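Q: I'd like to ask you about the structure that follows.
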Amino acid sequence: MKLVKIDKKQWAEGLESLKKSFRLLGPVKEDSYYSFKALKEGEQPDFSFLNTRLSPKSLLFPQSEAIVEYSLDERDEDHHVMKAIETDDSPRAVLGIRPCDAKAVTLVNLNFDTSEYKDPYWVKALAATTFIGLACDTPKSTCFCTSVGCGPYHEEGLDLLLADEGETYLVKILTEKGGNFLSTAGLEAVDEDTTLFDAKKKAAEAKIISTIATDNLKGQDILDLHEAPFWEDISFACLNCGTCTYTCPTCWCFDLQDEIHGKSGKRFKNWDSCMFPLFTLHTTGHNPRGTKLQRVRQRFMHKLKYFVDKYDQGIMCVGCGRCVNQCPVNIDIRKVCALMNDHKVDEQACAVQE
Amino acid sequence: MNLMEHMGIESDRIHFSWISSAESTKFVKVVKEVTEKVKALGPQQHFKKNDAKVA
Amino acid sequence: MLDYIDKIKEISERLLKDCSVEMVIGFRKGTLPMMNEPCFARTPEDVGQFVWDSNCGINLANYLTDRKERIGIVAKGCDTRNIATHIIENKISREQLVVIGVPCKGMIDKHKIATLFADEIQTVTENGEKILVTAGGKETPLNKSDVLQKNCAVCTHRNPVFYDELAAEKVEEQQDVDRYADVQEIEAMDTQEKWDYFESLLSPCIRCYACKNACPLCYCPTCFVDEAKPQWVGKGQDPTDVRTFHFLRAFHCAGRCTDCGACERACPVGINMRVFTKKLEKDCFEQFGWEAGMSLDERPPLDTYRPNDPNDFIK
Ligand code: SF4
Ligand code: SF4
Ligand code: SF4
Ligand code: SF4
């Protein structure tokens, strides 16, 4: 792990020359919001954003992705055979990903890359990507990353971490991939000692004003939480839209859809959401999560309990605050987490006569 | 129909007519008109999906 | 409008105490500036959480669908019109409801206000016609009339159209507003311009369905977008499918939409999809003299026939 300093002008030139060997993806401003886009010739990433409206998970796990194709024309030799759609696995780099979003990639990876199953589309895209993080010196009031095993200078999932320092970037080289990226760019890196970097990190962490407690979640009984009295109150306002899950960098659920035109078909992988009634609808017509309350409970139980119990890596949330900011009816995971964490079973109420 | 037009579908593509089974001449006239108008516009480019775009 | 809350609380408490209702639906303070959360009170104590200010833009009629209880509901002008529509469409019965009418002075547009400031907004408070925004440590006063939700700026039914209790004196209705200027702007475009306008309008849509789910009219047990047999519309991000969703949804709201603005308010990416529904709202008004939800006794134009209905589109 090494810390270097790079002049911003050189950095910009380096990026331009890198475009020959890398696909560069970075934040760009569109109307009043930012999103991650492929950078065109001469286009530089805009690092003045606080948080992109949608998370960069779509760069590895697009909202809609064609995965296999097939022909239904019996005259074709290989009709009815599913063929993988060619993907572009050339090297790419995500510039300016926030530390929370980078940590989120490592969480989603727990699901898409296991010893038993591997999602080839995700795995290949991940291997081809270099992650260049941008530390957050002015976090939003809704950021609570430091409470959830992350932080404004968190390094997990990153190959390089950039901290903005006037005319220069302080760059922490975290992996070999990151080092390669710098050398391919032909960037002149001056060694730097860590005093300033560490001070900036401390200052940024102190600016995170929103916190949550998760310490009791693991110890809570699943069924007690499931039966807790607060779900009706929490779920009442919910619209069961896809906003929270679609904007969340850690939500990984998808649905498969076939689309056929004439005699040729494609299979798509589309984001899905546990908030949608269709999510668990059985072909029999039965829906185990047929009500709003059940769906809202599922979202929070998955993130704050099932995930905790299954992976023992904290909660399935990196504290980016997107769902908090964008939920149309202000359902706030911080509030729900507090209720779940502090939940105590009312012993008297539960004195059921056996 | 107004909404279709409002959204950018040419109004000449959408026709409504009331023709009784006894009005054969009106039927011929309307069909002719419709085909002429649609032909003049050429093939429909909007609201047509060949291969789904992904994002 | 801030002063309404005492009366709202007083009425709600009374209704719960004397058991005229089992629950009252209202708003509570949100955790972010310009956000309130729809909530319910089942006991007089629960009523304490209720608030009323210019951030109550979500349409509470949406929370009545198929409920079985006796309910008190806090309702603005537009909410009462959607409640009327719900009653006409048998989604709730009049006898179940105690409507606590709120004469409304308009809701503020959180998307618009957010775009006025480069920094994150810390607090937003209001005092009559003034909205005070703190962003980046600096206070900026705004005129409420400049930052109203678009639909509120041209609303001509601010007072509840029917009610059992009233939270305040009725307000003066806005006169001389140009209700359809936005629709006319689009109507003036040529075909290609129209197509392009909607193409760019919808390009940020992520199909989260917050718009349809925030709308009291969209209560079908299975929405056409979710139907599988037949499947009416693709489920991915193809622009044709995205547009089909918006366009068909708008048709389903014809003669029913009150232009309450809940759909636009709910959209996380700030799309004004009301330009679809509003076109139909305008047509209903111009062709049938119809405004949805103004009465409990009149049937909507799409399920009535009058010999003099305009039909010059039939050739
Ligand atoms: S749950 Fe909400 S705050 Fe947590 S990572 Fe997802 S969007 Fe961000
Ligand atoms: S919690 Fe909010 S964003 Fe999530 S589904 Fe419910 S209304 Fe939509
Ligand atoms: S379509 Fe929009 S404006 Fe119309 S009633 Fe529904 S939510 Fe309100
Ligand atoms: S709320 Fe906005 S983003 Fe969501 S489906 Fe509607 S228009 Fe699209």
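Residues are named by chain letter and number: chains run A, B, ... in the order of the structure tokens, numbers start at 1 in each chain, and ligands are numbered from 1 in the order shown.
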Using only C-alpha atoms, select each residue of chain A with any atom at most 6 Å away from an atom of chain C, and give the selection as a list in words.
A: Ser64, Ala237, Leu239, Cys241, Gly242, Thr243, Gln326, Pro328, Val329 and Asn330 of chain A
Q: Pull the closest atom pair for each residue of chain A that gets at most 10 Å from ligand 1, along with the distance in Å to one decimal, counting only C-alpha atoms and all ligand atoms, ordering rows by chain and then ascending residue number, as a Markdown table.
A:
| residue | atom | partner | partner_atom_place_in_ligand_line | distance |
| --- | --- | --- | --- | --- |
| A:Leu54 | CA | ligand 1 | 7 (S) | 9.1 |
| A:Ser55 | CA | ligand 1 | 7 (S) | 8.2 |
| A:Cys100 | CA | ligand 1 | 5 (S) | 7.7 |
| A:Asp101 | CA | ligand 1 | 5 (S) | 7.9 |
| A:Lys103 | CA | ligand 1 | 5 (S) | 9.5 |
| A:Ala104 | CA | ligand 1 | 5 (S) | 7.1 |
| A:Thr142 | CA | ligand 1 | 3 (S) | 8.3 |
| A:Cys143 | CA | ligand 1 | 3 (S) | 7.5 |
| A:Phe144 | CA | ligand 1 | 3 (S) | 7.6 |
| A:Cys145 | CA | ligand 1 | 3 (S) | 8.3 |
| A:Val148 | CA | ligand 1 | 4 (Fe) | 9.0 |
| A:Thr243 | CA | ligand 1 | 7 (S) | 9.1 |
| A:Cys244 | CA | ligand 1 | 7 (S) | 6.0 |
| A:Thr245 | CA | ligand 1 | 7 (S) | 6.9 |
| A:Tyr246 | CA | ligand 1 | 7 (S) | 8.2 |
| A:Thr247 | CA | ligand 1 | 7 (S) | 5.8 |
| A:Cys248 | CA | ligand 1 | 7 (S) | 3.5 |
| A:Pro249 | CA | ligand 1 | 5 (S) | 5.5 |
| A:Thr250 | CA | ligand 1 | 6 (Fe) | 5.6 |
| A:Cys251 | CA | ligand 1 | 6 (Fe) | 6.8 |
| A:Arg299 | CA | ligand 1 | 1 (S) | 9.0 |
| A:Phe300 | CA | ligand 1 | 1 (S) | 8.5 |
| A:Lys303 | CA | ligand 1 | 1 (S) | 7.2 |
| A:Leu304 | CA | ligand 1 | 1 (S) | 9.2 |
| A:Ile315 | CA | ligand 1 | 4 (Fe) | 8.7 |
| A:Met316 | CA | ligand 1 | 5 (S) | 7.0 |
| A:Cys317 | CA | ligand 1 | 4 (Fe) | 3.7 |
| A:Val318 | CA | ligand 1 | 5 (S) | 4.3 |
| A:Gly319 | CA | ligand 1 | 3 (S) | 4.1 |
| A:Cys320 | CA | ligand 1 | 8 (Fe) | 3.9 |
| A:Gly321 | CA | ligand 1 | 3 (S) | 3.7 |
| A:Arg322 | CA | ligand 1 | 7 (S) | 4.3 |
| A:Cys323 | CA | ligand 1 | 2 (Fe) | 4.2 |
| A:Val324 | CA | ligand 1 | 2 (Fe) | 6.1 |
| A:Asn325 | CA | ligand 1 | 2 (Fe) | 8.6 |
| A:Gln326 | CA | ligand 1 | 7 (S) | 8.9 |
| A:Cys327 | CA | ligand 1 | 2 (Fe) | 9.5 |
| A:Asp332 | CA | ligand 1 | 2 (Fe) | 8.3 |
| A:Ile333 | CA | ligand 1 | 2 (Fe) | 6.6 |
| A:Arg334 | CA | ligand 1 | 3 (S) | 8.2 |
Q: Tell me, as an mmCIF file with C-alpha atoms, in the first residue's frame, which residues lie within 8 Å of Asp12 of chain B, counting only C-alpha atoms; anything in the same chain fewer than 5 positions away does not count.
A:
data_model
loop_
_atom_site.group_PDB
_atom_site.id
_atom_site.type_symbol
_atom_site.label_atom_id
_atom_site.label_comp_id
_atom_site.auth_asym_id
_atom_site.auth_seq_id
_atom_site.Cartn_x
_atom_site.Cartn_y
_atom_site.Cartn_z
ATOM 1 C CA VAL B 34 -57.251 5.257 -44.940
ATOM 2 C CA LYS B 37 -53.291 8.528 -45.961
ATOM 3 C CA VAL B 38 -51.216 5.846 -44.322
ATOM 4 C CA LEU B 41 -46.961 8.768 -44.335
#
Q: With only C-alpha atoms considered, list every residue of chain B at most 12 Å from chain C, as a ChimeraX atom specification.
A: /B:1-19,26-27,29-31,33-34,41,45-55
Q: Let me see the file: selected residues, N, CA, C and O atoms, as a short mmCIF file (atom, residue, chain, number, x, y, z; two decimals), in the first residue's frame.
A:
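Done, and the output landed in again_8.cif:
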data_model
loop_
_atom_site.label_atom_id
_atom_site.label_comp_id
_atom_site.auth_asym_id
_atom_site.auth_seq_id
_atom_site.Cartn_x
_atom_site.Cartn_y
_atom_site.Cartn_z
N MET B 1 -57.44 8.78 -28.91
CA MET B 1 -56.89 9.24 -30.18
C MET B 1 -56.15 10.55 -29.99
O MET B 1 -55.03 10.72 -30.47
N ASN B 2 -56.78 11.45 -29.19
CA ASN B 2 -56.11 12.72 -28.94
C ASN B 2 -54.77 12.52 -28.25
O ASN B 2 -53.80 13.19 -28.53
N LEU B 3 -54.73 11.54 -27.34
CA LEU B 3 -53.48 11.31 -26.60
C LEU B 3 -52.42 10.71 -27.52
O LEU B 3 -51.25 11.06 -27.44
N MET B 4 -52.85 9.83 -28.42
CA MET B 4 -51.91 9.26 -29.38
C MET B 4 -51.25 10.38 -30.17
O MET B 4 -50.04 10.44 -30.33
N GLU B 5 -52.10 11.27 -30.64
CA GLU B 5 -51.62 12.38 -31.45
C GLU B 5 -50.73 13.30 -30.62
O GLU B 5 -49.67 13.73 -31.06
N HIS B 6 -51.17 13.51 -29.39
CA HIS B 6 -50.45 14.38 -28.46
C HIS B 6 -49.03 13.88 -28.24
O HIS B 6 -48.10 14.65 -28.01
N MET B 7 -48.87 12.58 -28.31
CA MET B 7 -47.60 11.97 -27.96
C MET B 7 -46.67 11.86 -29.16
O MET B 7 -45.54 11.42 -29.02
N GLY B 8 -47.16 12.17 -30.32
CA GLY B 8 -46.28 12.15 -31.48
C GLY B 8 -46.57 11.04 -32.47
O GLY B 8 -45.68 10.60 -33.19
N ILE B 9 -47.80 10.54 -32.49
CA ILE B 9 -48.21 9.60 -33.55
C ILE B 9 -49.03 10.43 -34.55
O ILE B 9 -49.94 11.16 -34.14
N GLU B 10 -48.71 10.33 -35.83
CA GLU B 10 -49.40 11.14 -36.83
C GLU B 10 -50.90 10.85 -36.80
O GLU B 10 -51.30 9.69 -36.81
N SER B 11 -51.71 11.90 -36.81
CA SER B 11 -53.15 11.68 -36.68
C SER B 11 -53.71 10.93 -37.89
O SER B 11 -54.72 10.24 -37.79
N ASP B 12 -53.02 11.02 -39.02
CA ASP B 12 -53.52 10.32 -40.21
C ASP B 12 -53.37 8.80 -40.11
O ASP B 12 -53.84 8.06 -40.97
N ARG B 13 -52.70 8.34 -39.08
CA ARG B 13 -52.58 6.88 -38.92
C ARG B 13 -53.77 6.28 -38.19
O ARG B 13 -53.95 5.08 -38.15
N ILE B 14 -54.53 7.15 -37.55
CA ILE B 14 -55.62 6.64 -36.71
C ILE B 14 -56.95 7.13 -37.29
O ILE B 14 -57.15 8.32 -37.46
N HIS B 15 -57.80 6.18 -37.61
CA HIS B 15 -59.08 6.55 -38.21
C HIS B 15 -60.23 5.85 -37.50
O HIS B 15 -60.11 4.70 -37.11
N PHE B 16 -61.30 6.58 -37.32
CA PHE B 16 -62.52 5.99 -36.77
C PHE B 16 -63.63 6.22 -37.78
O PHE B 16 -63.72 7.30 -38.35
N SER B 17 -64.44 5.21 -37.97
CA SER B 17 -65.55 5.41 -38.87
C SER B 17 -66.73 4.57 -38.44
O SER B 17 -66.56 3.54 -37.78
N TRP B 18 -67.89 5.03 -38.79
CA TRP B 18 -69.11 4.30 -38.46
C TRP B 18 -69.76 3.92 -39.77
O TRP B 18 -70.23 4.77 -40.50
N ILE B 19 -69.74 2.64 -40.10
CA ILE B 19 -70.26 2.22 -41.40
C ILE B 19 -71.26 1.10 -41.19
O ILE B 19 -70.94 0.07 -40.60
N LYS B 26 -69.65 3.51 -48.88
CA LYS B 26 -68.92 4.27 -47.87
C LYS B 26 -67.71 3.45 -47.38
O LYS B 26 -66.62 3.98 -47.18
N PHE B 27 -67.93 2.14 -47.23
CA PHE B 27 -66.85 1.28 -46.77
C PHE B 27 -65.65 1.37 -47.71
O PHE B 27 -64.52 1.59 -47.29
N LYS B 29 -64.95 3.70 -49.83
CA LYS B 29 -64.40 5.05 -49.79
C LYS B 29 -63.47 5.23 -48.57
O LYS B 29 -62.35 5.73 -48.68
N VAL B 30 -63.96 4.77 -47.43
CA VAL B 30 -63.17 4.94 -46.20
C VAL B 30 -61.87 4.14 -46.29
O VAL B 30 -60.79 4.64 -45.98
N VAL B 31 -61.96 2.89 -46.74
CA VAL B 31 -60.76 2.07 -46.82
C VAL B 31 -59.75 2.72 -47.76
O VAL B 31 -58.56 2.77 -47.47
N GLU B 33 -59.45 5.87 -48.48
CA GLU B 33 -58.90 7.05 -47.82
C GLU B 33 -57.84 6.67 -46.80
O GLU B 33 -56.76 7.26 -46.74
N VAL B 34 -58.18 5.67 -45.99
CA VAL B 34 -57.25 5.26 -44.94
C VAL B 34 -55.94 4.80 -45.56
O VAL B 34 -54.86 5.23 -45.15
N LEU B 41 -47.84 8.58 -45.49
CA LEU B 41 -46.96 8.77 -44.34
C LEU B 41 -45.75 7.84 -44.37
O LEU B 41 -44.73 8.11 -43.75
N GLN B 45 -42.47 4.50 -37.79
CA GLN B 45 -41.14 4.36 -37.19
C GLN B 45 -41.21 4.35 -35.67
O GLN B 45 -40.34 3.82 -35.00
N HIS B 46 -42.23 4.98 -35.15
CA HIS B 46 -42.32 5.08 -33.70
C HIS B 46 -43.13 3.93 -33.13
O HIS B 46 -43.91 3.32 -33.82
N PHE B 47 -42.93 3.69 -31.84
CA PHE B 47 -43.68 2.66 -31.17
C PHE B 47 -43.48 1.31 -31.82
O PHE B 47 -44.40 0.55 -32.00
N LYS B 48 -42.26 1.08 -32.21
CA LYS B 48 -41.98 -0.14 -32.91
C LYS B 48 -40.75 -0.72 -32.26
O LYS B 48 -39.75 -0.04 -32.11
N LYS B 49 -40.84 -1.96 -31.87
CA LYS B 49 -39.71 -2.54 -31.15
C LYS B 49 -39.24 -3.76 -31.92
O LYS B 49 -40.00 -4.70 -32.10
N ASN B 50 -38.04 -3.71 -32.40
CA ASN B 50 -37.51 -4.87 -33.09
C ASN B 50 -36.71 -5.71 -32.13
O ASN B 50 -37.00 -6.85 -31.84
N ASP B 51 -35.71 -5.08 -31.58
CA ASP B 51 -34.81 -5.77 -30.69
C ASP B 51 -34.71 -4.86 -29.47
O ASP B 51 -34.39 -3.69 -29.60
N ALA B 52 -35.06 -5.40 -28.32
CA ALA B 52 -35.12 -4.52 -27.14
C ALA B 52 -33.78 -3.87 -26.87
O ALA B 52 -32.74 -4.51 -26.91
N LYS B 53 -33.83 -2.59 -26.63
CA LYS B 53 -32.63 -1.88 -26.21
C LYS B 53 -32.47 -2.13 -24.72
O LYS B 53 -33.45 -2.17 -23.98
N VAL B 54 -31.24 -2.28 -24.31
CA VAL B 54 -31.03 -2.52 -22.88
C VAL B 54 -30.28 -1.36 -22.26
O VAL B 54 -29.63 -0.59 -22.96
N ALA B 55 -30.44 -1.21 -20.98
CA ALA B 55 -29.70 -0.17 -20.28
C ALA B 55 -29.38 -0.64 -18.89
O ALA B 55 -30.08 -1.45 -18.35
#
Q: Would you list, as a PDB file with N, CA, C and O atoms, in the first residue's frame, the residues of segment 100-204 of chain C that end up in strand (DSSP E) under DSSP run on this structure's backbone?
A:
ATOM      1  N   ILE C 100     -62.103  14.821   7.092  1.00  0.00           N
ATOM      2  CA  ILE C 100     -61.665  16.043   7.754  1.00  0.00           C
ATOM      3  C   ILE C 100     -61.062  16.938   6.673  1.00  0.00           C
ATOM      4  O   ILE C 100     -59.912  16.781   6.273  1.00  0.00           O
ATOM      5  N   GLY C 101     -61.869  17.819   6.146  1.00  0.00           N
ATOM      6  CA  GLY C 101     -61.449  18.620   4.999  1.00  0.00           C
ATOM      7  C   GLY C 101     -60.427  19.681   5.377  1.00  0.00           C
ATOM      8  O   GLY C 101     -60.525  20.316   6.420  1.00  0.00           O
ATOM      9  N   ILE C 121     -29.721  20.705   0.979  1.00  0.00           N
ATOM     10  CA  ILE C 121     -30.645  21.500   1.797  1.00  0.00           C
ATOM     11  C   ILE C 121     -30.714  20.917   3.203  1.00  0.00           C
ATOM     12  O   ILE C 121     -30.934  19.721   3.384  1.00  0.00           O
ATOM     13  N   GLN C 122     -30.482  21.795   4.201  1.00  0.00           N
ATOM     14  CA  GLN C 122     -30.496  21.300   5.582  1.00  0.00           C
ATOM     15  C   GLN C 122     -31.880  21.399   6.222  1.00  0.00           C
ATOM     16  O   GLN C 122     -32.367  20.440   6.793  1.00  0.00           O
ATOM     17  N   THR C 123     -32.485  22.575   6.109  1.00  0.00           N
ATOM     18  CA  THR C 123     -33.831  22.700   6.663  1.00  0.00           C
ATOM     19  C   THR C 123     -34.694  23.551   5.729  1.00  0.00           C
ATOM     20  O   THR C 123     -34.185  24.382   4.987  1.00  0.00           O
ATOM     21  N   VAL C 124     -35.985  23.319   5.796  1.00  0.00           N
ATOM     22  CA  VAL C 124     -36.947  24.159   5.084  1.00  0.00           C
ATOM     23  C   VAL C 124     -38.086  24.445   6.059  1.00  0.00           C
ATOM     24  O   VAL C 124     -38.703  23.515   6.578  1.00  0.00           O
ATOM     25  N   THR C 125     -38.289  25.709   6.347  1.00  0.00           N
ATOM     26  CA  THR C 125     -39.407  26.054   7.231  1.00  0.00           C
ATOM     27  C   THR C 125     -40.316  27.015   6.485  1.00  0.00           C
ATOM     28  O   THR C 125     -39.924  27.586   5.464  1.00  0.00           O
ATOM     29  N   GLU C 126     -41.541  27.202   6.994  1.00  0.00           N
ATOM     30  CA  GLU C 126     -42.451  28.093   6.291  1.00  0.00           C
ATOM     31  C   GLU C 126     -43.152  29.016   7.272  1.00  0.00           C
ATOM     32  O   GLU C 126     -43.327  28.704   8.446  1.00  0.00           O
ATOM     33  N   ASN C 127     -43.506  30.151   6.733  1.00  0.00           N
ATOM     34  CA  ASN C 127     -44.238  31.118   7.523  1.00  0.00           C
ATOM     35  C   ASN C 127     -45.161  31.833   6.542  1.00  0.00           C
ATOM     36  O   ASN C 127     -44.734  32.722   5.817  1.00  0.00           O
ATOM     37  N   LYS C 130     -43.995  32.727   2.989  1.00  0.00           N
ATOM     38  CA  LYS C 130     -42.536  32.655   2.884  1.00  0.00           C
ATOM     39  C   LYS C 130     -42.044  31.243   3.192  1.00  0.00           C
ATOM     40  O   LYS C 130     -42.505  30.597   4.129  1.00  0.00           O
ATOM     41  N   ILE C 131     -41.092  30.802   2.389  1.00  0.00           N
ATOM     42  CA  ILE C 131     -40.437  29.525   2.633  1.00  0.00           C
ATOM     43  C   ILE C 131     -38.969  29.853   2.907  1.00  0.00           C
ATOM     44  O   ILE C 131     -38.332  30.547   2.103  1.00  0.00           O
ATOM     45  N   LEU C 132     -38.456  29.365   4.017  1.00  0.00           N
ATOM     46  CA  LEU C 132     -37.083  29.673   4.381  1.00  0.00           C
ATOM     47  C   LEU C 132     -36.226  28.414   4.229  1.00  0.00           C
ATOM     48  O   LEU C 132     -36.459  27.415   4.897  1.00  0.00           O
ATOM     49  N   VAL C 133     -35.260  28.500   3.316  1.00  0.00           N
ATOM     50  CA  VAL C 133     -34.432  27.327   3.045  1.00  0.00           C
ATOM     51  C   VAL C 133     -33.022  27.556   3.582  1.00  0.00           C
ATOM     52  O   VAL C 133     -32.421  28.595   3.314  1.00  0.00           O
ATOM     53  N   THR C 134     -32.507  26.595   4.336  1.00  0.00           N
ATOM     54  CA  THR C 134     -31.107  26.647   4.747  1.00  0.00           C
ATOM     55  C   THR C 134     -30.338  25.595   3.964  1.00  0.00           C
ATOM     56  O   THR C 134     -30.684  24.416   4.008  1.00  0.00           O
ATOM     57  N   ALA C 135     -29.354  26.069   3.224  1.00  0.00           N
ATOM     58  CA  ALA C 135     -28.520  25.148   2.451  1.00  0.00           C
ATOM     59  C   ALA C 135     -27.087  25.643   2.548  1.00  0.00           C
ATOM     60  O   ALA C 135     -26.840  26.843   2.417  1.00  0.00           O
ATOM     61  N   LYS C 138     -26.392  28.622   4.706  1.00  0.00           N
ATOM     62  CA  LYS C 138     -26.928  29.943   4.371  1.00  0.00           C
ATOM     63  C   LYS C 138     -28.451  29.896   4.270  1.00  0.00           C
ATOM     64  O   LYS C 138     -29.008  28.963   3.700  1.00  0.00           O
ATOM     65  N   GLU C 139     -29.108  30.943   4.800  1.00  0.00           N
ATOM     66  CA  GLU C 139     -30.566  30.976   4.738  1.00  0.00           C
ATOM     67  C   GLU C 139     -31.038  31.749   3.514  1.00  0.00           C
ATOM     68  O   GLU C 139     -30.523  32.819   3.223  1.00  0.00           O
ATOM     69  N   THR C 140     -31.999  31.201   2.797  1.00  0.00           N
ATOM     70  CA  THR C 140     -32.550  31.911   1.642  1.00  0.00           C
ATOM     71  C   THR C 140     -34.071  31.915   1.738  1.00  0.00           C
ATOM     72  O   THR C 140     -34.672  30.847   1.850  1.00  0.00           O
ATOM     73  N   PRO C 141     -34.686  33.092   1.711  1.00  0.00           N
ATOM     74  CA  PRO C 141     -36.155  33.114   1.703  1.00  0.00           C
ATOM     75  C   PRO C 141     -36.681  32.958   0.275  1.00  0.00           C
ATOM     76  O   PRO C 141     -36.110  33.505  -0.666  1.00  0.00           O
ATOM     77  N   LEU C 142     -37.751  32.177   0.132  1.00  0.00           N
ATOM     78  CA  LEU C 142     -38.386  32.017  -1.179  1.00  0.00           C
ATOM     79  C   LEU C 142     -39.858  32.379  -1.034  1.00  0.00           C
ATOM     80  O   LEU C 142     -40.433  32.242   0.043  1.00  0.00           O
ATOM     81  N   ASN C 143     -40.460  32.822  -2.119  1.00  0.00           N
ATOM     82  CA  ASN C 143     -41.903  33.014  -2.105  1.00  0.00           C
ATOM     83  C   ASN C 143     -42.567  31.685  -2.386  1.00  0.00           C
ATOM     84  O   ASN C 143     -42.222  31.015  -3.365  1.00  0.00           O
ATOM     85  N   GLU C 165     -66.077  17.378   8.502  1.00  0.00           N
ATOM     86  CA  GLU C 165     -65.513  18.356   9.426  1.00  0.00           C
ATOM     87  C   GLU C 165     -64.596  19.231   8.586  1.00  0.00           C
ATOM     88  O   GLU C 165     -64.081  18.795   7.561  1.00  0.00           O
ATOM     89  N   LEU C 166     -64.372  20.438   9.062  1.00  0.00           N
ATOM     90  CA  LEU C 166     -63.479  21.317   8.312  1.00  0.00           C
ATOM     91  C   LEU C 166     -62.384  21.801   9.272  1.00  0.00           C
ATOM     92  O   LEU C 166     -62.682  22.213  10.387  1.00  0.00           O
TER      93      LEU C 166
END
Q: With 7 Å as the cut-off and only C-alpha atoms counted, what is the closest atom pair between each nearby residue of chain A and chain B? Distances in Å to one decimal, ordered by chain and number, as CSV.
A:
residue,atom,partner,partner_atom,distance
A:Pro62,CA,B:Ala55,CA,6.2
A:Gln63,CA,B:Ala55,CA,6.1
A:Ser64,CA,B:Val54,CA,5.3
A:Glu65,CA,B:Val54,CA,5.9
A:His261,CA,B:Asn50,CA,6.9
Q: Could those residues be written to a file, using C-alpha atoms, as a compact mmCIF listing (two decimals), in the first residue's frame?
A:
# COMPACT_ATOMS: atom_id res chain seq x y z
CA PRO A 62 -27.37 -3.48 -15.61
CA GLN A 63 -31.06 -2.87 -15.03
CA SER A 64 -31.74 -4.86 -18.16
CA GLU A 65 -29.20 -7.17 -19.79
CA HIS A 261 -39.59 -11.39 -32.21
Q: Separation of atom CA of Arg299 of chain C and atom CA of Ala75 of chain C, in Å?
A: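 Here the two named atoms are 21.9 Å from each other.
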Q: Report the residues of chain B whose backbone DSSP state falls under helix (DSSP H, G or I), written as a ChimeraX atom specification.
A: /B:2-6,11-13,24-41
